[in-house]
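Shown here: entry-v4.csv, CSV, C-alpha atoms (C1' of nucleotides).
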```
chain,number,residue,atom,x,y,z
A,936,MET,CA,0.0,0.0,0.0
A,937,THR,CA,1.2,3.5,-0.8
A,938,GLU,CA,1.1,6.5,1.5
A,939,GLU,CA,-1.7,8.0,-0.7
A,940,GLN,CA,-3.7,4.8,-0.4
A,941,ALA,CA,-3.2,4.7,3.4
A,942,VAL,CA,-4.5,8.3,3.6
A,943,VAL,CA,-7.6,7.2,1.6
A,944,VAL,CA,-8.2,4.3,4.0
A,945,GLN,CA,-8.0,6.7,7.0
A,946,GLU,CA,-10.5,9.1,5.4
A,947,GLU,CA,-12.9,6.1,4.7
A,948,LEU,CA,-12.7,4.8,8.2
A,949,ARG,CA,-12.8,8.1,10.0
A,950,PRO,CA,-16.6,8.5,9.8
A,951,LEU,CA,-17.0,5.2,11.6
A,952,VAL,CA,-15.5,6.6,14.8
A,953,ASP,CA,-18.0,6.8,17.7
A,954,LEU,CA,-17.4,10.2,19.3
A,955,VAL,CA,-20.4,9.9,21.6
A,956,GLY,CA,-19.2,7.3,24.0
A,957,PRO,CA,-19.1,7.9,26.8
A,958,GLY,CA,-17.6,4.5,27.4
A,959,PRO,CA,-17.5,2.4,30.6
A,960,SER,CA,-17.2,4.4,33.8
A,961,ALA,CA,-16.0,1.4,35.8
A,962,PRO,CA,-14.4,-1.0,33.3
A,963,ALA,CA,-13.6,-4.4,34.8
A,964,THR,CA,-10.6,-4.9,32.6
A,965,VAL,CA,-8.3,-2.5,30.7
A,966,ALA,CA,-5.8,-3.5,28.0
A,967,GLY,CA,-2.5,-1.9,27.2
A,968,LEU,CA,-0.9,-2.2,23.8
A,969,ASP,CA,2.7,-1.5,22.8
A,970,VAL,CA,5.3,-2.5,20.2
A,971,ALA,CA,9.1,-3.0,20.5
A,972,TYR,CA,11.5,-3.0,17.5
A,973,SER,CA,14.8,-4.8,16.9
A,974,PRO,CA,17.9,-2.5,16.7
A,975,GLY,CA,17.9,-2.7,12.9
A,976,GLY,CA,14.1,-2.0,12.8
A,977,ASP,CA,13.5,-5.1,10.7
A,978,LEU,CA,11.6,-7.1,13.4
A,979,LEU,CA,8.9,-6.0,15.8
A,980,ALA,CA,7.0,-7.6,18.7
A,981,ALA,CA,3.5,-6.3,19.6
A,982,ALA,CA,2.1,-7.0,23.1
A,983,VAL,CA,-1.3,-6.7,24.7
A,984,THR,CA,-1.7,-7.0,28.5
A,985,VAL,CA,-5.1,-7.1,30.1
A,986,LEU,CA,-5.3,-5.7,33.6
A,987,ASP,CA,-7.9,-6.0,36.3
A,988,ALA,CA,-8.9,-2.3,36.5
A,989,ARG,CA,-9.3,-2.5,40.3
A,990,THR,CA,-6.1,-4.2,41.3
A,991,LEU,CA,-4.0,-3.2,38.2
A,992,THR,CA,-2.7,-6.8,38.0
A,993,VAL,CA,-2.2,-8.6,34.7
A,994,VAL,CA,-5.0,-11.2,34.1
A,995,ASP,CA,-4.3,-12.0,30.4
A,996,SER,CA,-1.7,-11.2,27.7
A,997,ALA,CA,-0.6,-12.1,24.2
A,998,VAL,CA,2.1,-11.1,21.7
A,999,GLY,CA,2.5,-11.0,18.0
A,1000,VAL,CA,5.9,-11.0,16.2
A,1001,GLY,CA,6.4,-9.9,12.7
A,1002,ARG,CA,7.8,-7.4,10.2
A,1003,PRO,CA,6.9,-3.7,10.2
A,1004,ALA,CA,4.0,-3.5,7.8
A,1005,PHE,CA,4.8,0.1,6.7
A,1006,GLY,CA,7.6,2.6,7.0
A,1007,TYR,CA,7.5,5.1,9.8
A,1008,VAL,CA,5.5,8.0,8.6
A,1009,PRO,CA,4.1,10.5,11.1
A,1010,GLY,CA,0.3,10.4,10.6
A,1011,LEU,CA,0.4,6.9,9.1
A,1012,PHE,CA,1.7,5.2,12.2
A,1013,ALA,CA,-1.1,2.7,12.6
A,1014,PHE,CA,-0.3,1.0,9.3
A,1015,ARG,CA,3.1,0.1,10.7
A,1016,GLU,CA,1.9,-1.5,14.0
A,1017,LEU,CA,-1.7,-2.5,13.5
A,1018,PRO,CA,-1.2,-5.9,11.9
A,1019,ALA,CA,1.0,-7.2,14.7
A,1020,LEU,CA,-1.3,-5.6,17.4
A,1021,LEU,CA,-4.4,-7.3,15.9
A,1022,THR,CA,-2.5,-10.6,15.9
A,1023,ALA,CA,-1.9,-10.2,19.6
A,1024,LEU,CA,-5.4,-9.1,20.3
A,1025,ASN,CA,-6.8,-12.1,18.5
A,1026,ARG,CA,-4.7,-14.3,20.8
A,1027,LEU,CA,-6.2,-13.1,24.0
A,1028,THR,CA,-8.6,-15.4,25.8
A,1029,THR,CA,-10.6,-12.5,27.1
A,1030,VAL,CA,-12.2,-9.3,25.6
A,1031,PRO,CA,-11.0,-6.2,27.4
A,1032,ASP,CA,-13.5,-3.4,28.2
A,1033,LEU,CA,-11.1,-0.6,27.1
A,1034,LEU,CA,-8.0,-0.4,24.9
A,1035,VAL,CA,-5.3,2.1,26.0
A,1036,CYS,CA,-3.0,2.7,23.0
A,1037,ASP,CA,0.6,4.0,22.9
A,1038,GLY,CA,0.0,6.9,20.6
A,1039,HIS,CA,-2.8,9.3,19.7
A,1040,GLY,CA,-6.5,9.0,18.7
A,1041,LEU,CA,-8.2,12.2,17.5
A,1042,ALA,CA,-5.1,14.2,18.1
A,1043,HIS,CA,-4.0,13.5,14.6
A,1044,PRO,CA,-3.8,15.5,11.4
A,1045,ARG,CA,-6.8,13.8,9.9
A,1046,ARG,CA,-8.4,12.9,13.3
A,1047,PHE,CA,-7.7,9.2,12.9
A,1048,GLY,CA,-4.7,8.1,14.8
A,1049,LEU,CA,-3.8,4.6,16.0
A,1050,ALA,CA,-6.3,4.6,18.8
A,1051,CYS,CA,-9.2,5.5,16.5
A,1052,HIS,CA,-8.1,2.9,13.9
A,1053,LEU,CA,-7.7,0.2,16.5
A,1054,GLY,CA,-11.1,1.1,18.1
A,1055,VAL,CA,-13.0,1.0,14.7
A,1056,VAL,CA,-11.4,-2.2,13.6
A,1057,THR,CA,-12.1,-4.0,16.9
A,1058,GLY,CA,-15.3,-2.2,17.8
A,1059,LEU,CA,-14.0,-1.8,21.4
A,1060,PRO,CA,-13.8,1.5,23.4
A,1061,ALA,CA,-10.3,2.9,22.9
A,1062,ILE,CA,-8.2,5.9,23.9
A,1063,GLY,CA,-4.8,7.2,23.0
A,1064,VAL,CA,-2.1,8.2,25.5
A,1065,GLY,CA,0.9,9.8,23.8
A,1066,LYS,CA,4.2,10.7,25.4
A,1067,THR,CA,4.9,13.5,22.9
A,1068,PRO,CA,2.6,15.7,20.7
A,1069,LEU,CA,1.9,15.0,17.1
A,1070,VAL,CA,-0.5,18.0,16.4
A,1071,GLY,CA,-1.9,20.9,18.4
A,1072,THR,CA,-1.1,23.7,20.8
A,1073,TRP,CA,-1.6,23.9,24.5
A,1074,ASP,CA,-0.8,25.8,27.7
A,1075,PRO,CA,1.2,24.0,30.3
A,1076,PRO,CA,-1.2,22.5,32.8
A,1077,PRO,CA,-0.7,23.3,36.6
A,1078,VAL,CA,1.9,21.1,38.2
A,1079,GLU,CA,-0.5,19.0,40.3
A,1080,ARG,CA,-1.5,15.5,39.3
A,1081,GLY,CA,-4.9,15.6,37.7
A,1082,ALA,CA,-4.5,19.1,36.2
A,1083,TRP,CA,-5.0,19.4,32.5
A,1084,SER,CA,-5.3,21.9,29.6
A,1085,PRO,CA,-7.1,21.5,26.3
A,1086,LEU,CA,-5.1,20.3,23.3
A,1087,ARG,CA,-6.3,22.4,20.3
A,1088,ASP,CA,-5.7,21.9,16.6
A,1089,GLY,CA,-7.4,23.7,13.7
A,1090,GLY,CA,-10.1,25.1,15.9
A,1091,ASP,CA,-10.9,21.7,17.4
A,1092,VAL,CA,-10.3,20.4,20.9
A,1093,VAL,CA,-8.6,17.1,20.0
A,1094,GLY,CA,-7.4,16.0,23.4
A,1095,ARG,CA,-6.0,17.0,26.8
A,1096,VAL,CA,-2.5,17.6,28.1
A,1097,LEU,CA,-2.8,15.8,31.4
A,1098,ARG,CA,-0.5,15.8,34.4
A,1099,THR,CA,-0.5,12.3,35.8
A,1100,ARG,CA,2.1,12.9,38.5
A,1101,ASP,CA,3.0,16.1,40.5
A,1102,GLY,CA,5.7,18.1,38.7
A,1103,VAL,CA,6.3,15.5,36.0
A,1104,LYS,CA,6.0,16.0,32.2
A,1105,PRO,CA,2.4,15.6,31.1
A,1106,VAL,CA,1.0,13.1,28.7
A,1107,PHE,CA,-1.3,13.6,25.7
A,1108,VAL,CA,-4.7,12.0,26.1
A,1109,SER,CA,-7.2,11.7,23.2
A,1110,VAL,CA,-10.3,9.8,22.3
A,1111,GLY,CA,-10.0,6.8,20.1
A,1112,HIS,CA,-13.5,5.2,19.8
A,1113,ARG,CA,-16.7,5.0,21.9
A,1114,MET,CA,-15.2,7.1,24.7
A,1115,SER,CA,-15.7,10.7,25.9
A,1116,LEU,CA,-12.7,12.9,26.5
A,1117,ALA,CA,-13.7,13.3,30.2
A,1118,ASN,CA,-13.9,9.6,30.7
A,1119,ALA,CA,-10.6,9.0,28.9
A,1120,THR,CA,-9.0,11.4,31.3
A,1121,ALA,CA,-10.6,9.7,34.3
A,1122,GLN,CA,-9.4,6.3,33.1
A,1123,VAL,CA,-5.8,7.5,32.6
A,1124,LEU,CA,-5.7,8.9,36.1
A,1125,ALA,CA,-7.0,5.6,37.5
A,1126,LEU,CA,-4.1,3.9,35.7
A,1127,THR,CA,-1.4,6.2,37.0
A,1128,PRO,CA,-1.3,5.8,40.8
A,1129,ARG,CA,2.5,5.7,40.8
A,1130,PHE,CA,4.1,6.5,37.5
A,1131,ARG,CA,3.8,9.0,34.7
A,1132,LEU,CA,2.6,6.4,32.1
A,1133,PRO,CA,-0.4,4.1,32.6
A,1134,GLU,CA,0.2,0.8,34.2
A,1135,THR,CA,-1.3,-0.8,31.1
A,1136,THR,CA,1.4,0.8,28.9
A,1137,ARG,CA,4.2,-0.2,31.3
A,1138,THR,CA,3.2,-3.9,31.4
A,1139,ALA,CA,2.7,-4.1,27.6
A,1140,ASP,CA,6.1,-2.4,27.1
A,1141,ARG,CA,7.8,-4.9,29.3
A,1142,LEU,CA,6.1,-7.8,27.6
A,1143,CYS,CA,6.9,-6.8,24.0
A,1144,ARG,CA,10.5,-6.1,24.9
A,1145,ASP,CA,10.8,-9.5,26.5
A,1146,ALA,CA,9.1,-11.2,23.5
A,1147,LEU,CA,11.5,-9.4,21.1
A,1148,SER,CA,14.5,-10.4,23.1
A,1149,ARG,CA,13.4,-14.0,23.3
A,1150,THR,CA,12.8,-13.9,19.5
A,1151,GLU,CA,16.3,-12.6,18.8
A,1152,HIS,CA,18.1,-14.8,21.4
A,1153,PRO,CA,16.3,-18.2,21.8
A,1154,ASP,CA,17.9,-19.8,24.9
B,1366,DG,C1',10.3,27.7,1.0
B,1367,DC,C1',11.4,26.0,6.0
B,1368,DG,C1',10.7,23.5,10.0
B,1369,DA,C1',7.9,19.9,12.5
B,1370,DC,C1',6.6,15.4,12.7
B,1371,DA,C1',2.7,9.6,17.6
B,1372,DG,C1',6.4,5.2,17.6
C,814,DA,C1',11.3,3.0,18.1
C,815,DT,C1',16.8,2.2,19.4
C,816,DC,C1',21.8,3.7,20.5
C,817,DT,C1',24.6,6.0,23.8
C,818,DT,C1',27.6,9.3,27.7
C,819,DG,C1',26.8,11.8,31.3
C,820,DT,C1',24.0,13.7,35.2
C,821,DC,C1',20.5,14.5,38.6
C,822,DG,C1',17.6,12.6,42.3
C,823,DC,C1',15.3,9.2,45.3
```

Once you've parsed the file, please lay out its structure as C-alpha cells.
Amino acid sequence: MTEEQAVVVQEELRPLVDLVGPGPSAPATVAGLDVAYSPGGDLLAAAVTVLDARTLTVVDSAVGVGRPAFGYVPGLFAFRELPALLTALNRLTTVPDLLVCDGHGLAHPRRFGLACHLGVVTGLPAIGVGKTPLVGTWDPPPVERGAWSPLRDGGDVVGRVLRTRDGVKPVFVSVGHRMSLANATAQVLALTPRFRLPETTRTADRLCRDALSRTEHPD
DNA sequence: GCGACAG
DNA sequence: ATCTTGTCGC
C-alpha cells in the first residue's frame, strides 16, 4: 500500500469513529498495547496486556511478532503496527472493556490516529495516550497530578494535556473510539497511581521487549 | 520555502 | 522505536 492509499483508508474509516461514547465508567478490565523494535528495525513484537482495573494486575496477555507493515510516517503510524497488534489481540482469551493505546487518537492531522483505527477495527472502546505531541497547541497545565489543559488543533479540541504525576512532564490524552474525553481522562488517572505512564502501557512495554529479546536470542 | 513530525 | 555518555535525584 502506498502512502496515498493509506490516507484514503483513513478518510474512509474516520466516519466510523464513535465520538459519543461515553464508554465504561468502571471497566472491569483494561488493555495496554505496545510495540518494540529490533535495533535494525526489521523485526517487531507487539504485546497486549489485560489488567484488572481495580487491582491493576495482569490477568491476560498475548504477543504478535512480525515485520513492520509500513515505513515510519508520522500520521500513518497505525499502518506500521496495526497488523501485529491485531494478531496479539486475537490471541487473547478475554475481551477487554477498554484499549489504551501507545499513541494518539483524535489528536491526529486527519483525526484518525492509531487509537481510532484500533477502536474502529475491533469495535472496542479505545483511547490514545501519547508521550509527545503530534499536532496541536496547549498551555502547560498546573503542576499538580490531575491538572490538564485542552489540546487544540485547527479550531478543534482534539485532546487533553494531562499531568499524571506532580511536577512531571504531562501526557497527551485523546479519544479513540466509543469514549468521551472526560472519561478517557478519568481512566488514565486511574491507571497512573504511581508512574507517569499508565500501568497498562508499562506492562505491555515490558512484555513486548521480552518477547522481542526471546525472538532474537532463543535460549 | 522552511521546519515539525505519535512510535 | 533504538543507540549512547553523562548527570540528577530518590

Separating atom CA of A:Ser1115 from atom CA of A:Asp1088, to the nearest tenth of an Å, is a gap of 17.7 Å

Would you mind listing, as a tab-separated table (two decimals) with C-alpha atoms, in the frame of the given file, all residues of chain A that have at least one atom within 10 Å of chain C, where all atoms listed in the file are what counts?
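Wrote selection.tsv, looks like this:
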```
chain	number	residue	atom	x	y	z
A	970	VAL	CA	5.30	-2.50	20.20
A	971	ALA	CA	9.10	-3.00	20.50
A	972	TYR	CA	11.50	-3.00	17.50
A	973	SER	CA	14.80	-4.80	16.90
A	974	PRO	CA	17.90	-2.50	16.70
A	975	GLY	CA	17.90	-2.70	12.90
A	976	GLY	CA	14.10	-2.00	12.80
A	979	LEU	CA	8.90	-6.00	15.80
A	1007	TYR	CA	7.50	5.10	9.80
```

Any idea which chain A residues end up within 12 Å of chain B if we count all atoms listed in the file, as number ranges by chain please? A: 969-972, 976, 979, 1003, 1006-1017, 1036-1044, 1047-1050, 1063-1071, 1106-1109

Atomic separation - atom CA of A:Thr937 relative to atom CA of A:Gly999, Å: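 Atom CA of A:Thr937 lies 23.8 Å from atom CA of A:Gly999.
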
- Task: Taking (1.0, 7.9, 34.2) in the file's own coordinates, collect the residues within 9 Å, counting only C-alpha atoms (C1' of nucleotides), and hand them back as a PyMOL selection string.
- Result: chain A and resi 1098-1100+1105-1106+1123-1134+1136

Need the shell around stretch 1018-1035 of chain A: protein/DNA/RNA residues with any atom at most 6 Å away, counting all atoms listed in the file. Skip same-chain ones fewer than 6 positions apart. Format as a list in words?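 My list of contacting residues is Pro962, Thr964, Val965, Ala966, Gly967, Ala981, Ala997, Val998, Gly999, Pro1060, Ala1061, Ile1062 and Gly1063 of chain A.
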
What separates atom CA of A:Ala963 and atom CA of A:Leu1147 is a distance of 29.0 Å
